[in-house]
Amino acid sequence: METNKQSHDSSFRDPSGYVFLDKTLVKRCINPIYFKQYFALKNQGFFDKLFKTGLLIKHEELSANESCVVIQPEQIPFITYPYEWSFNQYKAAALLTLKLQKYCLENNFSLKDASAFNVTFYKGHAVFIDTLSFDFYEENTPWRGYKQFITHFFGPLILAHYHGTQMLKLMSNFIDGIPIKMVSSMLPFKTKINPFLYSNIHLLAKFEDKHNEDYKGETKTSSLSLKGQLNIIESLYNNIKKLTLKEESEWGSYYNKTNYSDDAFKFKSNLINSWVLKLKIKTLIDIGGNDGTFVRFIDSKIEQALVCDIDNNAVDFNYTKIKTNKETHILPFVLDVLSPSPSVGFNNKERFSFLKRIKEFTPDVTLALAVIHHMSLSGNITFDMSAKFFASFSKYLIIEFPKRSDSWVERLLKTKGEFKEHFSFYNLESFENTYIRYFDIIEKQSIDNSERIMFLFKVKDV
Amino acid sequence: MYFLYFDPGLGAMIVQAIVAAIAGFLLFSKNLIYKAKMFFGLVKEDDLFDDINIKDTDIENKDDGDE
């Protein structure tokens, strides 16, 4: 195990150690340069405290010699990235980081960085996953992670507050944080007369601009008392906790807008439930899963249900439900199926694409309820393309097909005007004929009182 | 010793003294307002997110269902 440890493609920045894959298990090697910190954290019981509070992912030490300590963290089945989080998930991750820093300071440690990629969601909570981010607190030193916190967390959140949740997606372009000058330039003038926003954004941008050419490193080191640092952290915490979105939740009345009768809704959820039960499903992904309504109707024990939607508000609603109900098996995230998260970073390998992650996860079943008409009619995705897509990551597919006579389909077709003829392919026969090239039909059932048909497909054996 | 594998930003290090002073003033004044609101019973609690402090009870009572 000690030999041939190939470090993980996203683990090269911090010399303290690196993550590697041992077959399918994620493990971490700690380098001698970090031994002092590691053993202090371990022997003083601080790691244990962090595990018990649920702030840090648990790990166990597997082996230790003078060149490397190997630890194995609790394995997280599916990692989500900051640009896939809803607004309140983003807030939760930011608050976790601040809470952790305060707790560290109280125990004479400090977070040496504050990257948003140090956090992910697991069992219904935000959890810190970078075990090597902790260092000793040195008296009267400012927080080295401060700028990173602002550009990774507070910047995106305050932009989302003023301009909407699309701003959170900027993080997929700026994986080192949104440039502070850019954040400052995008905020309305009134933020300059708010002392909190002025100091944390505009003044920071000014200072960074002024000092960014100090290549000699001669400028005197700055100092900040512990109390001062705690003030910064607490005021950031209080302000982020109160931060809300200005945009109306379009989602709010979604289920009132659907063209379902109560009976059809019940019929559909019972059908999904019975199919899932029959297949003995343990893991699933619901694409276009809204607030997780249909996943919550499933009675059988699901270990991990990924529920994604393009609408940040729907994901947010789901996340809020998970927190309130203390659910641990649902993982919500934002995903545009027409443009899933790409691979980004050095060699395009630092942060993995949605497709790579979902193929590794291989959910037992994919639910695609009321999405095919959006993909086909709004996204111009042919049936062949969508079938190939759905066949690429799970064995089973439960898909709902709204017929041409469905009111939603009619509405979508109407918006096409003269171009409507182009979509003559959108009908049940052509759907079925195309999908059976990739799948076998196991079940087919029309939903009473609606223009919709449910299919249970199984990927053809290759 | 810190490992500077990323640039913490010199400006960001210096500016923290000012940010901290402003934050200190704001926390102090907001605390006064909070106390006044408490007195008149006007405080609403946000139940989605906890406050920043970790209490000893958090450690003892933490549900470890997966253990």
# chains A, B, ... in the order shown; residues from 1 in each chain; ligands from 1
>>> interface_residues(of="chain B", to="chain A", cutoff="7 Å", atoms="only C-alpha atoms", output="MDAnalysis selection string")
chainID B and resid 5 8:17 19:21 23:24 27 52:53 58:59 62
>>> write_last_selection(atoms="N, CA, C and O atoms", output="CSV table (one decimal), in the first residue's frame")
chain,number,residue,atom,x,y,z
B,5,TYR,N,1.0,28.0,0.2
B,5,TYR,CA,0.8,27.4,-1.1
B,5,TYR,C,-0.2,28.2,-1.9
B,5,TYR,O,-0.5,27.9,-3.0
B,8,PRO,N,-2.2,34.6,0.4
B,8,PRO,CA,-3.3,35.1,1.2
B,8,PRO,C,-3.7,36.6,0.9
B,8,PRO,O,-4.7,37.1,1.4
B,9,GLY,N,-2.8,37.2,0.1
B,9,GLY,CA,-3.1,38.6,-0.3
B,9,GLY,C,-2.6,39.6,0.8
B,9,GLY,O,-3.1,39.6,1.9
B,10,LEU,N,-1.6,40.3,0.4
B,10,LEU,CA,-1.0,41.2,1.4
B,10,LEU,C,-2.0,42.3,1.8
B,10,LEU,O,-2.2,42.6,3.0
B,11,GLY,N,-2.7,42.8,0.9
B,11,GLY,CA,-3.7,43.9,1.2
B,11,GLY,C,-4.7,43.3,2.1
B,11,GLY,O,-5.2,44.0,3.0
B,12,ALA,N,-5.1,42.0,1.9
B,12,ALA,CA,-6.1,41.4,2.7
B,12,ALA,C,-5.6,41.2,4.1
B,12,ALA,O,-6.4,41.2,5.0
B,13,MET,N,-4.3,41.0,4.3
B,13,MET,CA,-3.8,40.8,5.6
B,13,MET,C,-3.8,42.2,6.4
B,13,MET,O,-4.2,42.2,7.5
B,14,ILE,N,-3.4,43.2,5.6
B,14,ILE,CA,-3.4,44.5,6.3
B,14,ILE,C,-4.8,45.1,6.6
B,14,ILE,O,-5.0,45.6,7.7
B,15,VAL,N,-5.7,44.9,5.7
B,15,VAL,CA,-7.0,45.5,5.8
B,15,VAL,C,-7.8,44.9,7.0
B,15,VAL,O,-8.7,45.6,7.5
B,16,GLN,N,-7.4,43.7,7.4
B,16,GLN,CA,-8.2,43.1,8.5
B,16,GLN,C,-8.2,43.9,9.8
B,16,GLN,O,-9.2,43.8,10.5
B,17,ALA,N,-7.2,44.7,10.0
B,17,ALA,CA,-7.2,45.5,11.2
B,17,ALA,C,-8.4,46.5,11.2
B,17,ALA,O,-9.1,46.7,12.2
B,19,VAL,N,-11.1,46.2,9.1
B,19,VAL,CA,-12.3,45.4,9.0
B,19,VAL,C,-12.7,45.0,10.5
B,19,VAL,O,-13.9,45.0,10.8
B,20,ALA,N,-11.8,44.6,11.2
B,20,ALA,CA,-12.0,44.1,12.6
B,20,ALA,C,-12.6,45.2,13.5
B,20,ALA,O,-13.5,45.0,14.3
B,21,ALA,N,-12.0,46.4,13.3
B,21,ALA,CA,-12.4,47.5,14.1
B,21,ALA,C,-13.9,47.9,13.8
B,21,ALA,O,-14.7,48.1,14.7
B,23,ALA,N,-16.1,45.9,12.4
B,23,ALA,CA,-16.9,44.7,12.9
B,23,ALA,C,-17.2,44.8,14.4
B,23,ALA,O,-18.3,44.6,14.8
B,24,GLY,N,-16.1,45.2,15.1
B,24,GLY,CA,-16.2,45.3,16.6
B,24,GLY,C,-17.3,46.3,16.9
B,24,GLY,O,-18.2,46.1,17.8
B,27,LEU,N,-20.8,45.0,16.0
B,27,LEU,CA,-21.3,43.9,16.9
B,27,LEU,C,-21.7,44.5,18.2
B,27,LEU,O,-22.7,44.1,18.7
B,52,ILE,N,-23.1,30.7,16.0
B,52,ILE,CA,-21.7,30.3,15.6
B,52,ILE,C,-21.1,29.5,16.7
B,52,ILE,O,-20.2,28.7,16.4
B,53,ASN,N,-21.6,29.6,17.9
B,53,ASN,CA,-20.9,28.9,19.0
B,53,ASN,C,-21.2,27.4,19.1
B,53,ASN,O,-22.3,27.0,18.9
B,58,ASP,N,-23.4,20.2,22.4
B,58,ASP,CA,-23.4,19.8,21.0
B,58,ASP,C,-22.5,18.5,20.8
B,58,ASP,O,-22.8,17.7,20.0
B,59,ILE,N,-21.5,18.5,21.6
B,59,ILE,CA,-20.6,17.4,21.5
B,59,ILE,C,-21.2,16.1,22.1
B,59,ILE,O,-21.1,15.0,21.6
B,62,LYS,N,-24.6,14.9,20.3
B,62,LYS,CA,-24.6,14.7,18.9
B,62,LYS,C,-25.1,13.3,18.6
B,62,LYS,O,-24.6,12.3,19.1
>>> residues_around(residues="Glu410 of chain A", least_positions_apart="3", cutoff="12 Å", atoms="only C-alpha atoms", output="list in words")
Asn259, His373, His374, Leu377, Pro402, Lys403, Arg404, Ser405, Asp406, Ser407, Leu413, Lys414, Thr415, Lys416, Gly417, Lys420, Phe423, Tyr426, Asn427 and Glu451 of chain A
>>> closest_residue(among="A:Ser424, A:Thr80, A:Ser261, A:Asn107", to="Ile54 of chain B", atoms="only C-alpha atoms")
A:Asn107
>>> select_by_dssp(residues="segment 84-144 of chain A", states="helix (DSSP H, G or I)", output="ChimeraX atom specification")
/A:84,87-106,116-118
>>> residues_around(residues="Leu284 of chain A", least_positions_apart="2", cutoff="10 Å", atoms="only C-alpha atoms", output="PDB file with all heavy atoms, in the first residue's frame")
ATOM      1  N   VAL A 276     -39.846   0.678  -7.922  1.00  0.00           N
ATOM      2  CA  VAL A 276     -38.602   0.780  -7.147  1.00  0.00           C
ATOM      3  C   VAL A 276     -38.501  -0.380  -6.157  1.00  0.00           C
ATOM      4  O   VAL A 276     -37.450  -0.989  -5.982  1.00  0.00           O
ATOM      5  CB  VAL A 276     -38.523   2.150  -6.428  1.00  0.00           C
ATOM      6  CG1 VAL A 276     -37.462   2.158  -5.354  1.00  0.00           C
ATOM      7  CG2 VAL A 276     -38.262   3.266  -7.426  1.00  0.00           C
ATOM      8  N   ILE A 281     -34.107  -1.324  -5.271  1.00  0.00           N
ATOM      9  CA  ILE A 281     -33.199  -0.217  -5.540  1.00  0.00           C
ATOM     10  C   ILE A 281     -32.539   0.285  -4.250  1.00  0.00           C
ATOM     11  O   ILE A 281     -33.201   0.429  -3.232  1.00  0.00           O
ATOM     12  CB  ILE A 281     -33.999   0.947  -6.169  1.00  0.00           C
ATOM     13  CG1 ILE A 281     -34.570   0.550  -7.533  1.00  0.00           C
ATOM     14  CG2 ILE A 281     -33.184   2.206  -6.261  1.00  0.00           C
ATOM     15  CD1 ILE A 281     -33.567   0.207  -8.548  1.00  0.00           C
ATOM     16  N   LYS A 282     -31.223   0.542  -4.308  1.00  0.00           N
ATOM     17  CA  LYS A 282     -30.534   1.117  -3.153  1.00  0.00           C
ATOM     18  C   LYS A 282     -30.134   2.574  -3.412  1.00  0.00           C
ATOM     19  O   LYS A 282     -30.061   3.389  -2.505  1.00  0.00           O
ATOM     20  CB  LYS A 282     -29.263   0.304  -2.843  1.00  0.00           C
ATOM     21  CG  LYS A 282     -29.558  -1.096  -2.307  1.00  0.00           C
ATOM     22  CD  LYS A 282     -29.602  -1.090  -0.787  1.00  0.00           C
ATOM     23  CE  LYS A 282     -30.030  -2.421  -0.221  1.00  0.00           C
ATOM     24  NZ  LYS A 282     -31.497  -2.555  -0.162  1.00  0.00           N
ATOM     25  N   ASP A 286     -32.682  11.365  -9.334  1.00  0.00           N
ATOM     26  CA  ASP A 286     -33.893  11.927  -9.895  1.00  0.00           C
ATOM     27  C   ASP A 286     -33.491  13.191 -10.656  1.00  0.00           C
ATOM     28  O   ASP A 286     -33.108  14.192 -10.051  1.00  0.00           O
ATOM     29  CB  ASP A 286     -34.892  12.229  -8.771  1.00  0.00           C
ATOM     30  CG  ASP A 286     -36.248  12.652  -9.318  1.00  0.00           C
ATOM     31  OD1 ASP A 286     -36.357  12.886 -10.529  1.00  0.00           O
ATOM     32  OD2 ASP A 286     -37.204  12.741  -8.512  1.00  0.00           O
ATOM     33  N   ILE A 287     -33.545  13.108 -11.975  1.00  0.00           N
ATOM     34  CA  ILE A 287     -33.140  14.258 -12.797  1.00  0.00           C
ATOM     35  C   ILE A 287     -34.365  15.125 -13.054  1.00  0.00           C
ATOM     36  O   ILE A 287     -35.356  14.651 -13.600  1.00  0.00           O
ATOM     37  CB  ILE A 287     -32.487  13.764 -14.106  1.00  0.00           C
ATOM     38  CG1 ILE A 287     -31.120  13.170 -13.767  1.00  0.00           C
ATOM     39  CG2 ILE A 287     -32.364  14.897 -15.115  1.00  0.00           C
ATOM     40  CD1 ILE A 287     -30.338  12.673 -14.928  1.00  0.00           C
ATOM     41  N   VAL A 295     -39.316  11.348  -4.630  1.00  0.00           N
ATOM     42  CA  VAL A 295     -38.375  10.512  -3.883  1.00  0.00           C
ATOM     43  C   VAL A 295     -38.903  10.257  -2.470  1.00  0.00           C
ATOM     44  O   VAL A 295     -38.753   9.166  -1.923  1.00  0.00           O
ATOM     45  CB  VAL A 295     -36.978  11.169  -3.860  1.00  0.00           C
ATOM     46  CG1 VAL A 295     -36.084  10.501  -2.844  1.00  0.00           C
ATOM     47  CG2 VAL A 295     -36.340  11.094  -5.238  1.00  0.00           C
ATOM     48  N   ILE A 302     -33.896   3.569   0.743  1.00  0.00           N
ATOM     49  CA  ILE A 302     -32.924   4.032  -0.239  1.00  0.00           C
ATOM     50  C   ILE A 302     -31.692   4.513   0.528  1.00  0.00           C
ATOM     51  O   ILE A 302     -31.807   5.287   1.469  1.00  0.00           O
ATOM     52  CB  ILE A 302     -33.504   5.209  -1.062  1.00  0.00           C
ATOM     53  CG1 ILE A 302     -34.789   4.807  -1.782  1.00  0.00           C
ATOM     54  CG2 ILE A 302     -32.477   5.751  -2.042  1.00  0.00           C
ATOM     55  CD1 ILE A 302     -34.603   3.936  -2.984  1.00  0.00           C
ATOM     56  N   GLU A 303     -30.512   4.046   0.121  1.00  0.00           N
ATOM     57  CA  GLU A 303     -29.296   4.484   0.823  1.00  0.00           C
ATOM     58  C   GLU A 303     -28.896   5.896   0.423  1.00  0.00           C
ATOM     59  O   GLU A 303     -28.488   6.709   1.238  1.00  0.00           O
ATOM     60  CB  GLU A 303     -28.153   3.507   0.521  1.00  0.00           C
ATOM     61  CG  GLU A 303     -28.255   2.234   1.335  1.00  0.00           C
ATOM     62  CD  GLU A 303     -27.338   1.150   0.825  1.00  0.00           C
ATOM     63  OE1 GLU A 303     -26.430   1.452   0.017  1.00  0.00           O
ATOM     64  OE2 GLU A 303     -27.551  -0.014   1.221  1.00  0.00           O
ATOM     65  N   GLN A 304     -28.963   6.157  -0.864  1.00  0.00           N
ATOM     66  CA  GLN A 304     -28.578   7.487  -1.331  1.00  0.00           C
ATOM     67  C   GLN A 304     -29.428   7.875  -2.535  1.00  0.00           C
ATOM     68  O   GLN A 304     -29.422   7.177  -3.550  1.00  0.00           O
ATOM     69  CB  GLN A 304     -27.092   7.498  -1.722  1.00  0.00           C
ATOM     70  CG  GLN A 304     -26.601   8.831  -2.240  1.00  0.00           C
ATOM     71  CD  GLN A 304     -26.299   9.840  -1.146  1.00  0.00           C
ATOM     72  OE1 GLN A 304     -25.306   9.756  -0.467  1.00  0.00           O
ATOM     73  NE2 GLN A 304     -27.193  10.817  -0.975  1.00  0.00           N
ATOM     74  N   ALA A 305     -30.157   8.964  -2.378  1.00  0.00           N
ATOM     75  CA  ALA A 305     -30.951   9.481  -3.490  1.00  0.00           C
ATOM     76  C   ALA A 305     -30.414  10.846  -3.890  1.00  0.00           C
ATOM     77  O   ALA A 305     -30.407  11.764  -3.080  1.00  0.00           O
ATOM     78  CB  ALA A 305     -32.410   9.588  -3.082  1.00  0.00           C
ATOM     79  N   LEU A 306     -29.934  10.968  -5.110  1.00  0.00           N
ATOM     80  CA  LEU A 306     -29.500  12.270  -5.602  1.00  0.00           C
ATOM     81  C   LEU A 306     -30.704  12.918  -6.270  1.00  0.00           C
ATOM     82  O   LEU A 306     -31.349  12.292  -7.109  1.00  0.00           O
ATOM     83  CB  LEU A 306     -28.369  12.125  -6.629  1.00  0.00           C
ATOM     84  CG  LEU A 306     -27.188  11.234  -6.267  1.00  0.00           C
ATOM     85  CD1 LEU A 306     -26.180  11.207  -7.410  1.00  0.00           C
ATOM     86  CD2 LEU A 306     -26.522  11.732  -5.000  1.00  0.00           C
ATOM     87  N   VAL A 307     -31.013  14.139  -5.877  1.00  0.00           N
ATOM     88  CA  VAL A 307     -32.145  14.830  -6.476  1.00  0.00           C
ATOM     89  C   VAL A 307     -31.656  16.149  -7.045  1.00  0.00           C
ATOM     90  O   VAL A 307     -31.234  17.041  -6.309  1.00  0.00           O
ATOM     91  CB  VAL A 307     -33.262  15.086  -5.447  1.00  0.00           C
ATOM     92  CG1 VAL A 307     -34.422  15.814  -6.102  1.00  0.00           C
ATOM     93  CG2 VAL A 307     -33.741  13.781  -4.843  1.00  0.00           C
ATOM     94  N   ILE A 330     -31.051  11.906   1.252  1.00  0.00           N
ATOM     95  CA  ILE A 330     -31.272  12.707   0.039  1.00  0.00           C
ATOM     96  C   ILE A 330     -30.170  13.750  -0.124  1.00  0.00           C
ATOM     97  O   ILE A 330     -29.841  14.456   0.829  1.00  0.00           O
ATOM     98  CB  ILE A 330     -32.652  13.400   0.077  1.00  0.00           C
ATOM     99  CG1 ILE A 330     -33.764  12.363   0.222  1.00  0.00           C
ATOM    100  CG2 ILE A 330     -32.869  14.240  -1.175  1.00  0.00           C
ATOM    101  CD1 ILE A 330     -35.159  12.955   0.319  1.00  0.00           C
ATOM    102  N   PHE A 361     -20.570   6.821  -9.643  1.00  0.00           N
ATOM    103  CA  PHE A 361     -21.587   6.534  -8.623  1.00  0.00           C
ATOM    104  C   PHE A 361     -22.546   5.422  -9.091  1.00  0.00           C
ATOM    105  O   PHE A 361     -23.025   4.637  -8.279  1.00  0.00           O
ATOM    106  CB  PHE A 361     -22.351   7.822  -8.305  1.00  0.00           C
ATOM    107  CG  PHE A 361     -23.442   7.669  -7.279  1.00  0.00           C
ATOM    108  CD1 PHE A 361     -23.140   7.419  -5.954  1.00  0.00           C
ATOM    109  CD2 PHE A 361     -24.777   7.773  -7.648  1.00  0.00           C
ATOM    110  CE1 PHE A 361     -24.143   7.280  -5.014  1.00  0.00           C
ATOM    111  CE2 PHE A 361     -25.790   7.632  -6.720  1.00  0.00           C
ATOM    112  CZ  PHE A 361     -25.474   7.385  -5.390  1.00  0.00           C
ATOM    113  N   THR A 362     -22.784   5.357 -10.394  1.00  0.00           N
ATOM    114  CA  THR A 362     -23.741   4.417 -11.012  1.00  0.00           C
ATOM    115  C   THR A 362     -24.981   4.131 -10.160  1.00  0.00           C
ATOM    116  O   THR A 362     -25.104   3.059  -9.562  1.00  0.00           O
ATOM    117  CB  THR A 362     -23.099   3.050 -11.372  1.00  0.00           C
ATOM    118  OG1 THR A 362     -22.420   2.570 -10.206  1.00  0.00           O
ATOM    119  CG2 THR A 362     -22.159   3.130 -12.540  1.00  0.00           C
ATOM    120  N   PRO A 363     -25.879   5.086 -10.132  1.00  0.00           N
ATOM    121  CA  PRO A 363     -27.130   4.864  -9.392  1.00  0.00           C
ATOM    122  C   PRO A 363     -27.885   3.686 -10.007  1.00  0.00           C
ATOM    123  O   PRO A 363     -27.825   3.480 -11.222  1.00  0.00           O
ATOM    124  CB  PRO A 363     -27.901   6.171  -9.600  1.00  0.00           C
ATOM    125  CG  PRO A 363     -27.298   6.816 -10.800  1.00  0.00           C
ATOM    126  CD  PRO A 363     -25.877   6.377 -10.841  1.00  0.00           C
ATOM    127  N   ASP A 364     -28.580   2.912  -9.166  1.00  0.00           N
ATOM    128  CA  ASP A 364     -29.315   1.747  -9.680  1.00  0.00           C
ATOM    129  C   ASP A 364     -30.378   2.167 -10.689  1.00  0.00           C
ATOM    130  O   ASP A 364     -30.630   1.466 -11.658  1.00  0.00           O
ATOM    131  CB  ASP A 364     -29.999   1.005  -8.515  1.00  0.00           C
ATOM    132  CG  ASP A 364     -28.980   0.448  -7.541  1.00  0.00           C
ATOM    133  OD1 ASP A 364     -27.839   0.208  -7.965  1.00  0.00           O
ATOM    134  OD2 ASP A 364     -29.325   0.266  -6.352  1.00  0.00           O
ATOM    135  N   VAL A 365     -31.024   3.279 -10.391  1.00  0.00           N
ATOM    136  CA  VAL A 365     -32.092   3.716 -11.301  1.00  0.00           C
ATOM    137  C   VAL A 365     -32.041   5.231 -11.495  1.00  0.00           C
ATOM    138  O   VAL A 365     -31.636   5.965 -10.604  1.00  0.00           O
ATOM    139  CB  VAL A 365     -33.490   3.282 -10.783  1.00  0.00           C
ATOM    140  CG1 VAL A 365     -33.840   3.960  -9.482  1.00  0.00           C
ATOM    141  CG2 VAL A 365     -34.586   3.542 -11.818  1.00  0.00           C
ATOM    142  N   THR A 366     -32.422   5.654 -12.691  1.00  0.00           N
ATOM    143  CA  THR A 366     -32.576   7.082 -12.966  1.00  0.00           C
ATOM    144  C   THR A 366     -34.064   7.371 -13.102  1.00  0.00           C
ATOM    145  O   THR A 366     -34.767   6.653 -13.812  1.00  0.00           O
ATOM    146  CB  THR A 366     -31.874   7.453 -14.287  1.00  0.00           C
ATOM    147  OG1 THR A 366     -30.486   7.194 -14.147  1.00  0.00           O
ATOM    148  CG2 THR A 366     -32.068   8.927 -14.628  1.00  0.00           C
ATOM    149  N   LEU A 367     -34.520   8.396 -12.387  1.00  0.00           N
ATOM    150  CA  LEU A 367     -35.890   8.855 -12.580  1.00  0.00           C
ATOM    151  C   LEU A 367     -35.842  10.086 -13.472  1.00  0.00           C
ATOM    152  O   LEU A 367     -35.078  11.006 -13.215  1.00  0.00           O
ATOM    153  CB  LEU A 367     -36.549   9.248 -11.254  1.00  0.00           C
ATOM    154  CG  LEU A 367     -36.630   8.245 -10.103  1.00  0.00           C
ATOM    155  CD1 LEU A 367     -37.453   8.835  -8.967  1.00  0.00           C
ATOM    156  CD2 LEU A 367     -37.254   6.948 -10.562  1.00  0.00           C
ATOM    157  N   SER A 394     -26.997   4.520 -15.501  1.00  0.00           N
ATOM    158  CA  SER A 394     -27.632   3.538 -14.615  1.00  0.00           C
ATOM    159  C   SER A 394     -28.295   2.424 -15.389  1.00  0.00           C
ATOM    160  O   SER A 394     -28.538   2.531 -16.579  1.00  0.00           O
ATOM    161  CB  SER A 394     -28.605   4.161 -13.605  1.00  0.00           C
ATOM    162  OG  SER A 394     -29.260   5.254 -14.112  1.00  0.00           O
ATOM    163  N   TYR A 396     -31.286   0.978 -14.788  1.00  0.00           N
ATOM    164  CA  TYR A 396     -32.724   1.141 -15.019  1.00  0.00           C
ATOM    165  C   TYR A 396     -33.074   2.602 -15.217  1.00  0.00           C
ATOM    166  O   TYR A 396     -32.408   3.498 -14.700  1.00  0.00           O
ATOM    167  CB  TYR A 396     -33.530   0.597 -13.835  1.00  0.00           C
ATOM    168  CG  TYR A 396     -33.396  -0.892 -13.662  1.00  0.00           C
ATOM    169  CD1 TYR A 396     -32.511  -1.420 -12.721  1.00  0.00           C
ATOM    170  CD2 TYR A 396     -34.150  -1.778 -14.433  1.00  0.00           C
ATOM    171  CE1 TYR A 396     -32.381  -2.792 -12.564  1.00  0.00           C
ATOM    172  CE2 TYR A 396     -34.026  -3.152 -14.275  1.00  0.00           C
ATOM    173  CZ  TYR A 396     -33.145  -3.649 -13.350  1.00  0.00           C
ATOM    174  OH  TYR A 396     -33.013  -5.003 -13.188  1.00  0.00           O
ATOM    175  N   LEU A 397     -34.141   2.803 -15.970  1.00  0.00           N
ATOM    176  CA  LEU A 397     -34.635   4.158 -16.190  1.00  0.00           C
ATOM    177  C   LEU A 397     -36.150   4.164 -16.043  1.00  0.00           C
ATOM    178  O   LEU A 397     -36.848   3.376 -16.675  1.00  0.00           O
ATOM    179  CB  LEU A 397     -34.255   4.623 -17.610  1.00  0.00           C
ATOM    180  CG  LEU A 397     -34.898   5.917 -18.115  1.00  0.00           C
ATOM    181  CD1 LEU A 397     -34.390   7.122 -17.323  1.00  0.00           C
ATOM    182  CD2 LEU A 397     -34.598   6.134 -19.600  1.00  0.00           C
TER     183      LEU A 397
END
>>> residues_around(residues="segment 55-61 of chain A", least_positions_apart="6", cutoff="6 Å", atoms="only C-alpha atoms", output="MDAnalysis selection string")
chainID A and resid 71:74 127:129
>>> atom_distance(atom1="atom CA of Leu245 of chain A", atom2="atom CA of Phe87 of chain A")
7.9 Å
>>> closest_residue(among="A:Ile453, A:His152, A:Arg411, A:Phe35", to="Glu429 of chain A", atoms="only C-alpha atoms")
A:Ile453
>>> atom_distance(atom1="atom CA of Phe39 of chain A", atom2="atom CA of Ala114 of chain A")
21.8 Å
>>> closest_residue(among="A:Ser115, A:Ser300, A:Gln89, A:Asn31", to="Phe6 of chain B", atoms="only C-alpha atoms")
A:Ser115
>>> decode(residues="segment 139-154 of chain A", atoms="N, CA and C atoms", output="mmCIF file, in the first residue's frame")
data_model
loop_
_atom_site.group_PDB
_atom_site.id
_atom_site.type_symbol
_atom_site.label_atom_id
_atom_site.label_comp_id
_atom_site.auth_asym_id
_atom_site.auth_seq_id
_atom_site.Cartn_x
_atom_site.Cartn_y
_atom_site.Cartn_z
ATOM 1 N N GLU A 139 -0.138 33.869 17.697
ATOM 2 C CA GLU A 139 -0.712 35.040 18.337
ATOM 3 C C GLU A 139 -0.569 36.300 17.480
ATOM 4 N N ASN A 140 -1.621 37.076 17.474
ATOM 5 C CA ASN A 140 -1.651 38.367 16.777
ATOM 6 C C ASN A 140 -1.421 38.298 15.267
ATOM 7 N N THR A 141 -1.710 37.166 14.681
ATOM 8 C CA THR A 141 -1.648 37.124 13.220
ATOM 9 C C THR A 141 -3.062 37.207 12.649
ATOM 10 N N PRO A 142 -3.195 37.940 11.537
ATOM 11 C CA PRO A 142 -4.509 37.982 10.875
ATOM 12 C C PRO A 142 -4.842 36.611 10.293
ATOM 13 N N TRP A 143 -6.087 36.440 9.867
ATOM 14 C CA TRP A 143 -6.505 35.162 9.296
ATOM 15 C C TRP A 143 -6.043 35.067 7.842
ATOM 16 N N ARG A 144 -5.204 34.053 7.580
ATOM 17 C CA ARG A 144 -4.687 33.900 6.219
ATOM 18 C C ARG A 144 -5.765 33.461 5.228
ATOM 19 N N GLY A 145 -6.817 32.897 5.744
ATOM 20 C CA GLY A 145 -7.882 32.462 4.846
ATOM 21 C C GLY A 145 -8.916 33.538 4.566
ATOM 22 N N TYR A 146 -8.699 34.746 5.121
ATOM 23 C CA TYR A 146 -9.726 35.789 5.028
ATOM 24 C C TYR A 146 -10.109 36.143 3.593
ATOM 25 N N LYS A 147 -9.103 36.457 2.784
ATOM 26 C CA LYS A 147 -9.395 36.860 1.403
ATOM 27 C C LYS A 147 -10.075 35.702 0.661
ATOM 28 N N GLN A 148 -9.573 34.498 0.910
ATOM 29 C CA GLN A 148 -10.160 33.340 0.254
ATOM 30 C C GLN A 148 -11.623 33.155 0.688
ATOM 31 N N PHE A 149 -11.880 33.403 1.946
ATOM 32 C CA PHE A 149 -13.260 33.282 2.409
ATOM 33 C C PHE A 149 -14.173 34.258 1.665
ATOM 34 N N ILE A 150 -13.675 35.488 1.513
ATOM 35 C CA ILE A 150 -14.491 36.499 0.834
ATOM 36 C C ILE A 150 -14.703 36.126 -0.638
ATOM 37 N N THR A 151 -13.639 35.694 -1.323
ATOM 38 C CA THR A 151 -13.784 35.432 -2.755
ATOM 39 C C THR A 151 -14.473 34.087 -3.041
ATOM 40 N N HIS A 152 -14.413 33.159 -2.094
ATOM 41 C CA HIS A 152 -15.063 31.868 -2.299
ATOM 42 C C HIS A 152 -16.492 31.827 -1.754
ATOM 43 N N PHE A 153 -16.723 32.561 -0.668
ATOM 44 C CA PHE A 153 -18.022 32.437 -0.009
ATOM 45 C C PHE A 153 -18.830 33.727 0.004
ATOM 46 N N PHE A 154 -18.271 34.724 0.687
ATOM 47 C CA PHE A 154 -19.085 35.923 0.888
ATOM 48 C C PHE A 154 -19.360 36.654 -0.425
#
